[in-house]
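Q: Data file start_18.cif (mmCIF, C-alpha atoms and all ligand atoms) is appended below.
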```cif
data_structure
loop_
_atom_site.label_atom_id
_atom_site.label_comp_id
_atom_site.auth_asym_id
_atom_site.auth_seq_id
_atom_site.Cartn_x
_atom_site.Cartn_y
_atom_site.Cartn_z
CA MET A 1 9.61 1.40 -0.19
CA LYS A 2 7.09 -1.20 0.94
CA ILE A 3 5.26 0.22 3.97
CA THR A 4 3.03 -1.54 6.48
CA VAL A 5 0.78 0.20 9.00
CA GLN A 6 -0.12 -1.59 12.24
CA LYS A 7 -2.51 -0.21 14.86
CA PHE A 8 -2.66 -1.45 18.45
CA GLY A 9 -5.74 -0.61 20.53
CA GLY A 10 -5.92 0.41 24.18
CA SER A 11 -6.23 -3.07 25.69
CA SER A 12 -3.20 -4.23 23.67
CA VAL A 13 -1.00 -1.59 25.34
CA ALA A 14 -2.78 -1.52 28.71
CA ASP A 15 0.32 -2.04 30.89
CA ALA A 16 4.10 -2.53 30.75
CA VAL A 17 3.81 -6.28 30.16
CA ARG A 18 1.50 -5.81 27.20
CA ILE A 19 3.60 -3.01 25.72
CA GLN A 20 6.59 -5.34 25.92
CA LYS A 21 4.62 -8.07 24.11
CA VAL A 22 3.55 -5.64 21.40
CA ALA A 23 7.17 -4.47 21.03
CA ASN A 24 8.40 -8.06 20.66
CA ARG A 25 5.82 -8.71 18.01
CA ILE A 26 6.73 -5.54 16.10
CA ILE A 27 10.43 -6.41 16.20
CA GLN A 28 9.64 -9.89 14.82
CA THR A 29 7.64 -8.48 11.92
CA LYS A 30 10.00 -5.62 11.01
CA LYS A 31 11.88 -6.44 7.83
CA PRO A 32 15.06 -4.50 6.99
CA GLY A 33 14.49 -1.93 4.25
CA GLU A 34 10.70 -2.03 4.63
CA GLY A 35 8.85 0.81 6.35
CA LEU A 36 6.80 0.12 9.47
CA VAL A 37 4.39 2.65 10.95
CA VAL A 38 2.74 1.71 14.23
CA VAL A 39 -0.27 3.65 15.51
CA VAL A 40 -1.21 3.30 19.17
CA SER A 41 -4.23 4.12 21.32
CA ALA A 42 -4.01 5.31 24.91
CA MET A 43 -3.24 2.64 27.53
CA GLY A 44 -6.30 0.70 28.73
CA ASP A 45 -9.04 3.00 30.02
CA THR A 46 -6.89 6.15 30.07
CA THR A 47 -9.21 8.17 27.81
CA ASP A 48 -12.27 7.35 29.96
CA GLU A 49 -10.35 8.22 33.11
CA LEU A 50 -9.29 11.57 31.71
CA ILE A 51 -12.88 12.34 30.67
CA ASP A 52 -14.08 11.47 34.22
CA LEU A 53 -11.45 13.69 35.75
CA ALA A 54 -12.49 16.59 33.54
CA GLN A 55 -16.16 16.07 34.48
CA GLN A 56 -15.30 16.31 38.17
CA LEU A 57 -13.76 19.73 37.66
CA ASN A 58 -16.08 21.15 35.01
CA PRO A 59 -19.33 19.43 33.98
CA ALA A 60 -19.23 21.24 30.62
CA PRO A 61 -15.52 21.57 29.83
CA PRO A 62 -14.48 23.66 26.80
CA GLU A 63 -13.99 21.23 23.94
CA ARG A 64 -10.61 22.69 23.08
CA GLU A 65 -9.35 21.87 26.57
CA MET A 66 -10.89 18.39 26.35
CA ASP A 67 -8.81 17.71 23.24
CA GLN A 68 -5.73 19.16 24.86
CA LEU A 69 -6.33 16.72 27.74
CA ILE A 70 -7.44 13.48 26.09
CA SER A 71 -4.78 13.60 23.37
CA THR A 72 -2.15 13.09 26.09
CA GLY A 73 -3.11 9.42 26.53
CA GLU A 74 -1.75 8.50 23.10
CA GLN A 75 1.35 10.61 23.61
CA ILE A 76 2.21 8.49 26.66
CA SER A 77 1.68 5.12 24.98
CA SER A 78 3.56 6.08 21.81
CA ALA A 79 6.63 7.29 23.74
CA LEU A 80 6.60 4.19 25.96
CA LEU A 81 6.33 1.87 22.97
CA ALA A 82 9.13 3.66 21.10
CA MET A 83 11.48 3.38 24.09
CA THR A 84 10.57 -0.30 24.55
CA LEU A 85 11.44 -0.92 20.89
CA GLU A 86 14.76 0.86 21.38
CA ALA A 87 15.43 -1.29 24.45
CA GLY A 88 14.82 -4.34 22.26
CA GLY A 89 17.49 -3.20 19.79
CA ALA A 90 15.20 -1.66 17.15
CA LYS A 91 15.39 1.90 15.89
CA ALA A 92 12.18 3.75 16.70
CA VAL A 93 10.79 7.25 17.06
CA SER A 94 7.44 8.38 18.46
CA LEU A 95 5.52 11.22 16.83
CA THR A 96 2.39 13.12 17.86
CA GLY A 97 -0.41 13.91 15.40
CA ASN A 98 1.04 17.39 15.00
CA GLN A 99 4.53 16.05 14.22
CA VAL A 100 3.06 13.63 11.68
CA GLY A 101 1.34 16.56 9.97
CA ILE A 102 -2.26 15.44 10.44
CA GLN A 103 -4.39 18.51 9.71
CA THR A 104 -8.02 18.53 10.71
CA ASP A 105 -10.99 20.85 10.73
CA ASP A 106 -12.02 22.74 13.89
CA SER A 107 -14.60 20.25 15.22
CA HIS A 108 -13.01 19.59 18.57
CA THR A 109 -13.59 16.05 19.94
CA LYS A 110 -14.80 14.81 16.53
CA ALA A 111 -12.47 16.45 14.03
CA ARG A 112 -12.11 15.32 10.44
CA ILE A 113 -8.75 14.92 8.74
CA PHE A 114 -8.42 16.98 5.58
CA LYS A 115 -4.71 16.78 4.87
CA ILE A 116 -1.65 14.83 5.92
CA ASP A 117 1.86 15.99 5.20
CA PRO A 118 3.90 12.79 5.44
CA GLY A 119 7.32 14.50 4.97
CA LYS A 120 8.72 13.90 8.45
CA MET A 121 7.32 10.40 8.63
CA ILE A 122 8.97 9.45 5.32
CA GLU A 123 12.31 10.94 6.46
CA GLU A 124 12.18 8.76 9.56
CA LEU A 125 11.19 5.67 7.57
CA GLU A 126 14.09 6.27 5.21
CA GLN A 127 16.40 6.18 8.25
CA ASP A 128 14.90 2.69 8.80
CA ARG A 129 13.25 3.82 12.04
CA ILE A 130 9.96 2.33 13.15
CA VAL A 131 7.60 5.30 13.34
CA VAL A 132 5.28 5.06 16.35
CA VAL A 133 2.38 7.48 15.94
CA ALA A 134 0.09 8.74 18.70
CA GLY A 135 -3.34 7.89 17.28
CA PHE A 136 -6.61 9.80 17.67
CA GLN A 137 -5.17 13.30 17.22
CA GLY A 138 -4.38 16.02 14.76
CA ILE A 139 -3.99 19.76 14.66
CA ASN A 140 -6.24 22.46 13.19
CA LEU A 141 -5.21 25.55 11.26
CA LYS A 142 -5.11 27.53 14.52
CA LYS A 143 -2.47 25.04 15.75
CA ASP A 144 -4.82 23.71 18.42
CA VAL A 145 -4.78 19.99 19.13
CA THR A 146 -7.92 18.17 17.96
CA THR A 147 -9.13 14.60 18.44
CA LEU A 148 -10.90 12.38 15.94
CA GLY A 149 -13.80 11.00 18.00
CA ARG A 150 -13.85 7.88 20.21
CA GLY A 151 -12.02 5.02 18.55
CA GLY A 152 -10.21 7.56 16.36
CA SER A 153 -6.84 5.79 16.38
CA ASP A 154 -8.32 3.41 13.80
CA THR A 155 -8.86 6.40 11.54
CA THR A 156 -5.30 7.63 12.11
CA ALA A 157 -4.02 4.22 11.01
CA VAL A 158 -6.16 4.02 7.87
CA ALA A 159 -5.47 7.63 6.89
CA LEU A 160 -1.71 7.04 7.22
CA ALA A 161 -1.98 3.81 5.23
CA ALA A 162 -3.79 5.76 2.49
CA VAL A 163 -1.32 8.64 2.33
CA LEU A 164 1.72 6.32 2.45
CA ASP A 165 0.13 3.91 -0.07
CA ALA A 166 0.87 1.15 2.42
CA ALA A 167 0.87 -2.49 1.36
CA SER A 168 -1.35 -3.38 4.31
CA CYS A 169 -3.15 -1.89 7.28
CA GLU A 170 -3.51 -4.21 10.25
CA ILE A 171 -5.81 -3.32 13.14
CA TYR A 172 -4.72 -5.33 16.20
CA THR A 173 -7.33 -5.58 18.93
CA ASP A 174 -8.57 -7.70 21.85
CA VAL A 175 -10.88 -9.97 19.79
CA ASP A 176 -9.99 -12.25 16.86
CA GLY A 177 -11.70 -10.10 14.23
CA VAL A 178 -15.13 -8.77 13.30
CA TYR A 179 -17.89 -11.05 14.60
CA THR A 180 -21.54 -11.34 13.62
CA ALA A 181 -22.28 -9.53 16.92
CA ASP A 182 -20.25 -8.43 19.92
CA PRO A 183 -18.83 -11.77 21.18
CA ARG A 184 -19.03 -10.42 24.74
CA ILE A 185 -22.82 -10.20 24.40
CA VAL A 186 -23.62 -13.08 22.04
CA PRO A 187 -21.74 -16.28 22.90
CA GLY A 188 -22.80 -17.89 19.59
CA ALA A 189 -21.37 -15.06 17.47
CA PHE A 190 -18.74 -16.12 14.92
CA LYS A 191 -15.83 -14.43 13.23
CA ILE A 192 -16.50 -13.17 9.71
CA GLU A 193 -13.62 -14.00 7.32
CA ARG A 194 -14.29 -11.23 4.82
CA ILE A 195 -16.70 -8.35 4.87
CA CYS A 196 -17.28 -5.60 2.30
CA TYR A 197 -16.77 -1.92 3.13
CA ASP A 198 -20.48 -1.08 2.94
CA GLU A 199 -21.53 -3.68 5.48
CA MET A 200 -18.60 -2.84 7.76
CA LEU A 201 -19.41 0.85 7.49
CA GLU A 202 -23.03 0.28 8.53
CA LEU A 203 -22.04 -2.02 11.41
CA ALA A 204 -19.40 0.46 12.63
CA SER A 205 -21.76 3.42 12.33
CA LEU A 206 -24.41 1.53 14.26
CA GLY A 207 -22.30 0.67 17.29
CA THR A 208 -19.90 -2.15 16.38
CA LYS A 209 -16.94 -0.44 17.92
CA VAL A 210 -14.26 -2.94 16.87
CA ILE A 211 -13.42 -0.36 14.21
CA GLN A 212 -14.36 3.32 13.95
CA ASN A 213 -16.79 4.14 11.13
CA ARG A 214 -14.62 6.96 9.79
CA ALA A 215 -11.74 4.52 9.44
CA VAL A 216 -13.93 2.35 7.20
CA GLU A 217 -15.00 5.41 5.21
CA PHE A 218 -11.34 6.25 4.57
CA ALA A 219 -10.50 2.65 3.72
CA LYS A 220 -13.31 2.52 1.17
CA LYS A 221 -12.44 5.88 -0.37
CA PHE A 222 -8.73 5.10 -0.73
CA ASP A 223 -9.03 1.35 -1.35
CA VAL A 224 -7.14 0.31 1.77
CA VAL A 225 -7.70 -3.34 2.65
CA LEU A 226 -8.03 -3.69 6.43
CA HIS A 227 -7.07 -6.73 8.42
CA VAL A 228 -8.76 -6.68 11.84
CA ARG A 229 -7.00 -9.28 14.01
CA SER A 230 -5.97 -10.29 17.50
CA SER A 231 -2.97 -8.71 19.16
CA PHE A 232 -2.60 -11.83 21.32
CA HIS A 233 -1.89 -14.45 18.62
CA ASP A 234 -0.93 -14.83 14.96
CA GLY A 235 -4.17 -16.33 13.63
CA PRO A 236 -5.98 -14.62 10.74
CA GLY A 237 -8.67 -12.11 11.52
CA THR A 238 -11.24 -10.41 9.28
CA LEU A 239 -10.47 -8.78 5.93
CA VAL A 240 -12.45 -5.67 5.13
CA THR A 241 -12.39 -5.18 1.35
CA GLU A 242 -14.40 -4.20 -1.70
CA GLU A 243 -17.29 -6.51 -2.51
CA VAL A 244 -16.16 -9.23 -4.93
CA GLU A 245 -18.46 -11.70 -6.67
CA ASP A 246 -16.73 -14.89 -5.66
CA MET A 247 -15.62 -13.59 -2.29
CA SER A 248 -15.98 -16.41 0.16
CA MET A 249 -18.77 -14.33 1.68
CA GLU A 250 -21.66 -16.77 1.45
CA GLN A 251 -24.81 -15.08 0.26
CA VAL A 252 -26.37 -14.24 3.57
CA VAL A 253 -29.24 -11.87 4.19
CA ILE A 254 -27.99 -10.52 7.51
CA ARG A 255 -24.24 -10.14 8.04
CA GLY A 256 -24.38 -8.95 11.63
CA VAL A 257 -26.24 -7.36 14.52
CA SER A 258 -25.10 -4.11 16.18
CA LEU A 259 -25.90 -2.52 19.50
CA ASN A 260 -25.42 1.15 20.31
CA GLN A 261 -25.91 2.09 23.95
CA GLU A 262 -24.32 5.48 23.64
CA GLU A 263 -27.20 7.60 22.40
CA ALA A 264 -29.90 9.56 24.21
CA LYS A 265 -33.39 10.53 23.09
CA LEU A 266 -34.99 13.98 23.32
CA THR A 267 -38.64 14.83 22.78
CA ILE A 268 -40.21 18.22 22.26
CA THR A 269 -43.99 18.26 22.77
CA LEU A 270 -46.77 20.43 21.39
CA VAL A 271 -44.77 21.62 18.41
CA PRO A 272 -46.91 23.84 16.13
CA ASP A 273 -47.62 21.68 13.07
CA LYS A 274 -46.80 24.09 10.28
CA PRO A 275 -44.22 24.29 7.47
CA GLY A 276 -40.71 25.36 8.45
CA ILE A 277 -40.79 24.35 12.11
CA ALA A 278 -38.80 21.11 11.73
CA ALA A 279 -36.27 22.98 9.60
CA ARG A 280 -36.01 25.60 12.33
CA ILE A 281 -35.35 23.04 15.10
CA PHE A 282 -32.81 20.95 13.20
CA LYS A 283 -31.00 23.89 11.62
CA SER A 284 -30.20 25.31 15.08
CA ILE A 285 -29.01 21.90 16.22
CA ALA A 286 -26.85 21.43 13.12
CA GLU A 287 -25.37 24.90 13.60
CA ALA A 288 -24.24 23.78 17.07
CA ASN A 289 -22.37 20.93 15.29
CA ILE A 290 -24.51 18.25 16.95
CA ASN A 291 -25.10 15.07 14.90
CA VAL A 292 -28.72 14.01 15.05
CA ASP A 293 -29.39 10.35 14.33
CA MET A 294 -32.99 9.10 14.27
CA ILE A 295 -35.98 11.47 14.08
CA ILE A 296 -39.69 10.76 14.44
CA GLN A 297 -42.61 13.11 14.27
CA ASN A 298 -45.93 11.96 15.65
CA VAL A 299 -49.28 12.27 13.92
CA SER A 300 -50.54 15.76 14.43
CA ALA A 301 -53.52 16.43 16.68
CA GLN A 302 -55.30 19.82 16.81
CA GLY A 303 -52.47 21.54 15.00
CA PHE A 304 -49.71 20.25 17.29
CA THR A 305 -47.29 17.36 17.11
CA ASP A 306 -44.44 15.78 19.12
CA VAL A 307 -40.94 15.41 17.69
CA SER A 308 -38.36 12.97 19.08
CA PHE A 309 -34.78 12.43 18.00
CA THR A 310 -31.55 10.85 19.19
CA VAL A 311 -28.06 12.29 19.67
CA PRO A 312 -24.78 10.86 21.01
CA ARG A 313 -25.05 10.87 24.83
CA PRO A 314 -22.04 13.16 25.33
CA GLU A 315 -23.99 15.81 23.36
CA LEU A 316 -27.15 15.46 25.49
CA ALA A 317 -26.60 18.37 27.92
CA LYS A 318 -25.69 20.74 25.10
CA THR A 319 -28.65 19.61 22.93
CA SER A 320 -31.15 19.76 25.74
CA SER A 321 -30.36 23.35 26.74
CA LEU A 322 -30.44 24.38 23.10
CA LEU A 323 -33.77 22.63 22.59
CA GLU A 324 -35.27 24.39 25.65
CA LYS A 325 -34.37 27.68 24.01
CA ILE A 326 -35.83 26.65 20.65
CA ALA A 327 -39.02 25.42 22.37
CA ARG A 328 -39.58 28.87 23.88
CA GLU A 329 -38.93 30.59 20.56
CA ILE A 330 -41.36 28.43 18.57
CA GLU A 331 -43.88 28.36 21.44
CA ALA A 332 -43.80 24.59 21.78
CA GLY A 333 -44.47 22.60 24.95
CA GLU A 334 -41.93 20.75 27.06
CA VAL A 335 -38.59 19.15 26.39
CA SER A 336 -38.06 15.72 27.91
CA VAL A 337 -35.00 13.51 27.76
CA GLU A 338 -34.43 9.79 28.00
CA GLU A 339 -30.79 9.52 28.92
CA LYS A 340 -30.37 5.81 28.30
CA ILE A 341 -31.74 4.04 25.26
CA ALA A 342 -30.42 1.21 23.11
CA LYS A 343 -30.40 1.05 19.35
CA VAL A 344 -30.28 -2.42 17.89
CA SER A 345 -29.63 -2.87 14.18
CA ILE A 346 -29.37 -5.64 11.63
CA VAL A 347 -27.09 -5.14 8.63
CA GLY A 348 -26.61 -7.01 5.34
CA VAL A 349 -26.38 -6.21 1.64
CA GLY A 350 -28.46 -9.35 1.01
CA MET A 351 -31.42 -7.49 2.52
CA LYS A 352 -31.87 -5.58 -0.74
CA SER A 353 -33.27 -8.63 -2.48
CA HIS A 354 -35.07 -10.29 0.44
CA PRO A 355 -38.53 -9.12 1.43
CA GLY A 356 -39.81 -9.78 4.95
CA VAL A 357 -36.65 -8.94 6.86
CA ALA A 358 -38.28 -6.05 8.72
CA ALA A 359 -41.28 -8.23 9.60
CA THR A 360 -38.99 -10.91 11.05
CA MET A 361 -37.17 -8.28 13.09
CA PHE A 362 -40.36 -6.79 14.53
CA GLU A 363 -41.90 -10.23 15.22
CA THR A 364 -38.74 -11.32 17.03
CA LEU A 365 -38.77 -8.25 19.27
CA ALA A 366 -42.52 -8.66 19.87
CA ARG A 367 -42.01 -12.30 20.92
CA GLU A 368 -39.45 -11.07 23.45
CA LYS A 369 -41.97 -8.44 24.62
CA ILE A 370 -39.54 -5.69 23.69
CA ASN A 371 -41.22 -2.43 22.84
CA ILE A 372 -39.94 -0.51 19.80
CA MET A 373 -39.71 3.27 20.28
CA MET A 374 -38.26 4.31 16.93
CA ILE A 375 -37.49 2.63 13.61
CA SER A 376 -35.26 3.62 10.73
CA THR A 377 -34.32 1.72 7.60
CA SER A 378 -31.99 1.96 4.63
CA GLU A 379 -31.31 -0.44 1.77
CA ILE A 380 -28.94 -2.55 3.86
CA LYS A 381 -29.96 -2.00 7.50
CA ILE A 382 -32.89 -1.74 9.88
CA SER A 383 -32.53 -0.10 13.29
CA CYS A 384 -34.91 -0.05 16.25
CA VAL A 385 -34.60 2.04 19.40
CA VAL A 386 -35.62 0.06 22.49
CA ARG A 387 -35.32 0.53 26.24
CA ALA A 388 -31.71 0.42 27.46
CA GLU A 389 -32.32 -2.67 29.58
CA ASP A 390 -33.71 -4.61 26.59
CA GLY A 391 -30.73 -3.93 24.29
CA GLU A 392 -28.58 -7.00 24.89
CA ARG A 393 -31.56 -9.38 24.95
CA ALA A 394 -32.74 -7.90 21.65
CA VAL A 395 -29.32 -8.50 20.05
CA ARG A 396 -29.25 -12.14 21.16
CA ALA A 397 -32.81 -12.79 19.98
CA LEU A 398 -32.15 -11.24 16.56
CA HIS A 399 -28.87 -13.11 16.17
CA THR A 400 -30.75 -16.37 16.68
CA ALA A 401 -33.79 -15.39 14.60
CA PHE A 402 -31.63 -14.61 11.56
CA GLY A 403 -29.81 -17.94 11.83
CA LEU A 404 -26.45 -16.48 12.81
CA ASP A 405 -25.78 -18.58 15.93
CA ARG A 406 -22.91 -21.06 15.73
CA GLU A 407 -22.38 -24.14 17.83
CA GLU A 408 -18.82 -23.35 18.88
CA GLU A 409 -18.19 -20.59 21.40
CA ALA A 410 -16.82 -17.26 20.23
CA GLY A 411 -13.23 -16.54 21.36
P1 LIG B 501 -9.35 -1.34 20.71
O1 LIG B 501 -8.98 -0.87 22.08
O2 LIG B 501 -8.43 -2.41 20.21
O3 LIG B 501 -9.55 -0.23 19.73
P2 LIG B 501 -12.20 -1.56 21.05
O4 LIG B 501 -12.60 -1.75 22.47
O5 LIG B 501 -12.35 -0.21 20.45
O6 LIG B 501 -10.71 -2.11 20.89
O7 LIG B 501 -12.97 -2.61 20.11
C1 LIG B 501 -12.90 -3.99 20.39
C2 LIG B 501 -14.18 -4.40 21.10
O8 LIG B 501 -15.27 -4.25 20.20
C3 LIG B 501 -14.24 -5.86 21.48
O9 LIG B 501 -13.64 -6.07 22.73
C4 LIG B 501 -15.72 -6.20 21.45
O10 LIG B 501 -16.28 -6.28 22.73
C5 LIG B 501 -16.35 -5.01 20.72
N1 LIG B 501 -17.23 -5.42 19.64
C6 LIG B 501 -18.49 -4.96 19.46
N2 LIG B 501 -19.07 -5.54 18.42
C7 LIG B 501 -18.15 -6.39 17.89
C8 LIG B 501 -18.17 -7.27 16.78
N3 LIG B 501 -19.24 -7.39 15.99
N4 LIG B 501 -17.06 -7.99 16.51
C9 LIG B 501 -15.96 -7.87 17.28
N5 LIG B 501 -15.89 -7.06 18.36
C10 LIG B 501 -16.97 -6.32 18.67
N1 LIG B 502 -8.09 6.52 23.07
C1 LIG B 502 -9.18 6.92 22.21
C2 LIG B 502 -10.49 6.34 22.73
O1 LIG B 502 -10.49 5.70 23.75
C3 LIG B 502 -8.95 6.57 20.77
C4 LIG B 502 -8.86 5.10 20.46
O2 LIG B 502 -8.72 4.26 21.36
O3 LIG B 502 -8.91 4.76 19.27
O4 LIG B 502 -11.51 6.55 22.14
MG MG B 503 -11.17 1.06 19.31
#
```
What is this file in structure tokens?
A:
Amino acid sequence: MKITVQKFGGSSVADAVRIQKVANRIIQTKKPGEGLVVVVSAMGDTTDELIDLAQQLNPAPPEREMDQLISTGEQISSALLAMTLEAGGAKAVSLTGNQVGIQTDDSHTKARIFKIDPGKMIEELEQDRIVVVAGFQGINLKKDVTTLGRGGSDTTAVALAAVLDAASCEIYTDVDGVYTADPRIVPGAFKIERICYDEMLELASLGTKVIQNRAVEFAKKFDVVLHVRSSFHDGPGTLVTEEVEDMSMEQVVIRGVSLNQEEAKLTITLVPDKPGIAARIFKSIAEANINVDMIIQNVSAQGFTDVSFTVPRPELAKTSSLLEKIAREIEAGEVSVEEKIAKVSIVGVGMKSHPGVAATMFETLAREKINIMMISTSEIKISCVVRAEDGERAVRALHTAFGLDREEEAG
């Protein structure tokens, strides 16, 4: 059976009117005898609202309970969409992550899928029902509900497309596709027609939230071509595929600019400068399942050094209390935190063969009088941490400096 997977994001199902529109569109595209799986996110800002509510009642809620709570958003939207489809004369059934057989590890709030048992889904598809899946969630071996990290419905969609060997996986969202930068920040940004997995993976990992990075990882691993497109009209969006020689991707050095405003920076001062200390600090942090991003160690003076690193902001409280404890154990100085920073990154496979890209990036930021706090590079990206308030200006300046601005306005 030919199967298509479609995913609709939170803004596409934000209220009854939008759910109705999505349902109409699904009914139009459903072909008899072909399987259609629709993955939905929670309505509008539901997930943020649930997180706020939890914070009011417990500033450090148990992660298991967080997952139990935030997974409900998708359960609501999937049931509402299924009943709207039924009202429109289609046959539909909503299923939770558990019912779909999405098994994950135990990492609450950022779980990884390790197995999907598509049995029930296939049974429903064979009955010619549209299967509406609550995105963002799975279940661990203890039968506790887990969630897949912010933006995780994208990953649900791609993982289902992979396991069902779907003919296509369409990610419907509130912009026309993947742009050279967030079109809400850079008016001159333009829609990219095709982008390879590696560039999309870097952009997504560095803050381009139009698609979750794990979804791109899955797509690359299982060869799922993604079509990121608007849920408001039928126009083509962006294809995310393997790199092909004659792909209409012009040979550009920089494909796009990303901004991540969701990390925080911690510094531990007067760290004894001797072998094994860095391993000690970062091993404890890794054991607490905290993902560290950038790390810098200062030049040592009189046998001591300072170490700074960044973590996702939701992990800040947990990391900072852990780091206080480590500081006492290793007899280091103080722990300080910078709650709001911005990380701006440029990404492009063309960078591999073009010298001088880093210099242009640093010169551009210098011209804007933007101070760089941390730098990290790989073959196809360069990232700089700057002050939170400089983030958007830095993105615009870099977009212009690398010749990405277009005359026409982004839509
Ligand atoms: P959804 O609810 O559909 O999952 P998201 O809010 O997660 O949508 O992602 C879409 C948003 O991603 C857009 O509204 C846009 O502001 C933002 N975005 C950031 N960078 C980009 C980019 N390079 N191209 C397109 N959108 C981007
Ligand atoms: N509702 C979840 C979130 O807001 C998952 C998603 O939208 O993909 O992060
Ligand atoms: Mg999203």
Q: Could the centre and edge lengths of an axis-aligned box, enclosing all atoms of range 25-39 of chain A in the file with 8 Å extra on each side, be given in Å to one decimal as lines of an AutoDock Vina configuration file?
A:
```
center_x = 7.4
center_y = -3.1
center_z = 11.1
size_x = 31.3
size_y = 29.5
size_z = 29.8
```
Q: Taking all atoms listed in the file into account, name the residue in A:Lys381, A:Arg129, A:Arg214, A:Arg255 that is nearest to ligand LIG 501 (chain B).
A: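 Smallest distance to ligand LIG 501 (chain B) is found for A:Arg255.
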Q: Give me the residues within 10 Å of Gly101 in chain A as a PyMOL selection string, counting only C-alpha atoms and dropping any in the same chain fewer than 6 places off.
A: chain A and resi 95+115-121+138-139
Q: Nearest to ligand LIG 501 (chain B): which of A:Ser12, A:Thr46, A:Gln137, A:Thr360 is it, counting all atoms listed in the file?
A: A:Ser12
Q: Which residue is closest to ligand LIG 501 (chain B)? Choose from A:Pro272, A:Gly89, A:Gly348, A:Pro183 and count all atoms listed in the file.
A: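 Result for the nearest residue to ligand LIG 501 (chain B): A:Pro183.
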Q: For Leu125 in chain A, which residue among A:Glu34, A:Glu86, A:Glu334, A:Glu243 is the nearest when counting all atoms listed in the file?
A: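 Using all atoms listed in the file, the shortest distance to Leu125 in chain A belongs to A:Glu34.
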Q: What gap, in Å, lies between CA of Thr72 in chain A and CA of Lys143 in chain A?
A: 15.8 Å
Q: Using all atoms listed in the file, find each residue of chain A with at least one atom at most 7 Å away from an atom of ligand LIG 501 (chain B); report its shortest atom-to-atom pair and that distance in Å (one decimal), sort the rows by chain and rising residue number, and return the result as a Markdown table.
A:
```
| residue | atom | partner | partner_atom | distance |
| --- | --- | --- | --- | --- |
| A:Phe8 | CA | B:LIG501 | O2 | 6.1 |
| A:Gly9 | CA | B:LIG501 | O2 | 3.3 |
| A:Gly10 | CA | B:LIG501 | O1 | 3.9 |
| A:Ser11 | CA | B:LIG501 | O1 | 5.0 |
| A:Ser12 | CA | B:LIG501 | O2 | 6.5 |
| A:Ser41 | CA | B:LIG501 | O1 | 6.9 |
| A:Gly151 | CA | B:LIG501 | O5 | 5.6 |
| A:Tyr172 | CA | B:LIG501 | O2 | 6.2 |
| A:Thr173 | CA | B:LIG501 | O2 | 3.6 |
| A:Asp174 | CA | B:LIG501 | O9 | 5.4 |
| A:Val175 | CA | B:LIG501 | C3 | 5.6 |
| A:Gly177 | CA | B:LIG501 | C9 | 5.7 |
| A:Val178 | CA | B:LIG501 | N4 | 3.8 |
| A:Tyr179 | CA | B:LIG501 | N4 | 3.7 |
| A:Thr180 | CA | B:LIG501 | N3 | 5.1 |
| A:Ala181 | CA | B:LIG501 | N3 | 3.8 |
| A:Asp182 | CA | B:LIG501 | N2 | 3.5 |
| A:Pro183 | CA | B:LIG501 | C9 | 6.2 |
| A:Arg184 | CA | B:LIG501 | O10 | 5.4 |
| A:Thr208 | CA | B:LIG501 | N2 | 4.0 |
| A:Lys209 | CA | B:LIG501 | O8 | 4.7 |
| A:Val210 | CA | B:LIG501 | O7 | 3.5 |
| A:Ile211 | CA | B:LIG501 | O7 | 6.3 |
| A:Gly256 | CA | B:LIG501 | N3 | 6.9 |
| A:Ser258 | CA | B:LIG501 | N2 | 6.6 |
```
Q: Considering all atoms listed in the file, return as a VMD selection string whatever protein or nucleic-acid residues lie within 12 Å of Lys283 in chain A, sequence-local ones (same chain, fewer than 5 positions apart) excluded.
A: chain A and resid 276 to 278 288 to 292 322 to 323 326
Q: Using only C-alpha atoms and all ligand atoms for the distances, tell me which of A:Val311, A:Ala90, A:Ala157, A:Val299 is nearest to ligand MG 503 (chain B).
A: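 Under the stated criterion, the closest residue is A:Ala157.
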Q: Take CA of Ala359 in chain A and CA of Pro187 in chain A and report the distance between them in Å, one decimal.
A: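 Answer for the CA of Ala359 in chain A to CA of Pro187 in chain A separation: 25.0 Å.
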Q: Taking a cut-off of 8 Å and counting only C-alpha atoms and all ligand atoms, can you build a table that, for each residue of chain A near ligand LIG 502 (chain B), reports the nearest atom pair and how far apart they are in Å (one decimal), sorted by chain then residue number, as a tab-separated table?
A:
```
residue	atom	partner	partner_atom	distance
A:Gly9	CA	B:LIG502	O2	5.8
A:Gly10	CA	B:LIG502	O2	5.5
A:Val40	CA	B:LIG502	O3	7.8
A:Ser41	CA	B:LIG502	O2	4.5
A:Ala42	CA	B:LIG502	N1	4.6
A:Met43	CA	B:LIG502	N1	7.6
A:Asp45	CA	B:LIG502	O1	7.0
A:Thr46	CA	B:LIG502	N1	7.1
A:Thr47	CA	B:LIG502	O1	4.9
A:Asp48	CA	B:LIG502	O1	6.7
A:Ile70	CA	B:LIG502	N1	7.6
A:Ser71	CA	B:LIG502	N1	7.8
A:Gly73	CA	B:LIG502	N1	6.7
A:Glu74	CA	B:LIG502	N1	6.6
A:Gly135	CA	B:LIG502	O3	6.7
A:Phe136	CA	B:LIG502	C3	5.1
A:Leu148	CA	B:LIG502	C3	7.8
A:Gly149	CA	B:LIG502	O4	6.5
A:Arg150	CA	B:LIG502	O4	3.3
A:Gly151	CA	B:LIG502	O3	3.2
A:Gly152	CA	B:LIG502	O3	4.2
A:Ser153	CA	B:LIG502	O3	3.7
A:Asp154	CA	B:LIG502	O3	5.7
A:Thr155	CA	B:LIG502	O3	7.9
A:Gln212	CA	B:LIG502	O3	7.8
```
Q: Figure out the distance between CA of Asp144 in chain A and CA of Asp106 in chain A, please, to one decimal in Å.
A: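 Those two atoms sit 8.6 Å apart.
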